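Working notes for the structure below.
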Amino acid sequence: MAPVITTQKLTKRFGSFVACNELTFQVDKGEIFGFLGANGAGKTTAMRMLCGLLAPTSGDATIAGFDVYTQTERIKRRIGYMSQKFSLYDDLTVTENIRFYAGIYGMSTAQIRSKTKTLLEELQLQNEAKTLVRELPLGWKQKLSFSVSIVHDPDIVFLDEPTGGVDPVTRRQFWDLIYHAADKGVTVFVTTHYMDEAEYCNRVSIMVDGVIAALDSPGGLKQQFACANMEEVFYQLARNAKRKAD
Ligand SMILES: Nc1ncnc2c1ncn2[C@@H]1O[C@H](COP(=O)(O)OP(=O)(O)OP(=O)(O)O)[C@@H](O)[C@H]1O
């Protein structure tokens, strides 16, 4: 299967500080790829390079076949993005938010109408179609925000700590949506601090001080580091990290 994300010695320096140091990895189509690291490890910097928002200092990367140096506009059209501070409009209704983003992504009126209907059904939000987003519980906002980030059927969706602040049951429901998207062929690139979520990924990369310290399936990592769970794997790798949170 052709990889949809390929990086080769991808590096970002800020002055003499090396935020990301020679990152080399591939992510396949439909894969759920967890991108873990302690605070300051370089995850956000790497993700910004992969989204075409930040030019690398050196190395190579292609996203959906497009080059991160020269084809950033093409990349932006083929990806979705959801951050912890999701970008839904609190003072618009559920339906208005879906229509707004679908419009931004350049979908036609007919496409928007049918997509809005499907999405409301999938999320079981039909009864909340006219509810202002600010009135929705956090877990529902996260699910809506995720669905909106893939409304234009992107090749890859980048999720930056998408489930901050919700309980494990709500997180599990959110992950059902992720699995559903991955089954349809969307590649999911997700950062998280929750180790239950790391267990849900097909493969997990763990960054420490700007480098990828380990990369394998959760089962493979547990075996490699002789740990019972991902929490322990992460702790073994991250406990000696030199960088601290800003
Ligand atoms: N524009 C910048 N100029 C200088 N240093 C930066 C810049 N952006 C990030 N850094 C530094 O690069 C390092 C990696 O930051 P980054 O935000 O990528 O880490 P992270 O793994 O996403 O951490 P967190 O989980 O805390 O968000 C940090 O030490 C940060 O201070």
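Within each chain, counting starts at residue 1; across the structure tokens, chains are named A, B, ... in the order shown, with ligands numbered 1 upward in that order.
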For Tyr101 of chain A: contacts at 12 Å, only C-alpha atoms, fewer than 5 positions along chain excluded, given as a ChimeraX atom specification
/A:80-81,87-89,92,94-96,106-108,112,115-116,144-152
List the neighbours of Thr6 of chain A out to 12 Å using only C-alpha atoms; skip same-chain residues closer than 4 positions along the sequence, and give me the result as an MDAnalysis selection string.
chainID A and resid 2 10 23:29 50 59:68
Could you tell me, counting only C-alpha atoms and all ligand atoms, which protein and nucleic acid residues lie no more than 9 Å from ligand 1, written as a PyMOL selection string?
chain A and resi 12-15+17-20+36-48+160-161+191-193+207-210+243-246
Calculate how many Å separate atom CA of Lys141 of chain A from atom CA of Lys184 of chain A, rounding to one decimal.
22.2 Å
Run DSSP on the backbone and grab whatever in segment 5-53 of chain A lands in strand (DSSP E); send it over as a VMD selection string.
chain A and resid 5 to 14 17 to 28 32 to 37
Given only C-alpha atoms as the counted atoms, nearest of A:Ala226, A:Val169, A:Val211, A:Ile32 to Lys9 of chain A:
A:Val211
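Using only C-alpha atoms, the shortest contact distance between Gln173 of chain A and any of A:Leu123, A:Ala228, A:Leu136, A:Gly185 is found at A:Leu123.
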To one decimal place in Å, what is the distance between atom CA of Ala238 of chain A and atom CA of Ala213 of chain A?
9.1 Å
Counting only C-alpha atoms, closest pick from A:Arg203, A:Phe225, A:Phe174, A:Trp140 relative to Leu159 of chain A is A:Phe174
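Comparing A:Glu31, A:Asp153, A:Asp91, A:Glu122 by their smallest distance to Arg77 of chain A, the closest is A:Asp153 (using only C-alpha atoms).
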As a check of understanding: the span from atom CA of Asn97 of chain A to atom CA of Gln84 of chain A is 17.0 Å
Just list as an NGL selection string whatever in segment 45-236 of chain A DSSP marks as helix (DSSP H, G or I).
:A and (45-50 or 72-78 or 94-104 or 109-122 or 126-128 or 133-135 or 138-149 or 168-183 or 195-200 or 218-224 or 230-236)
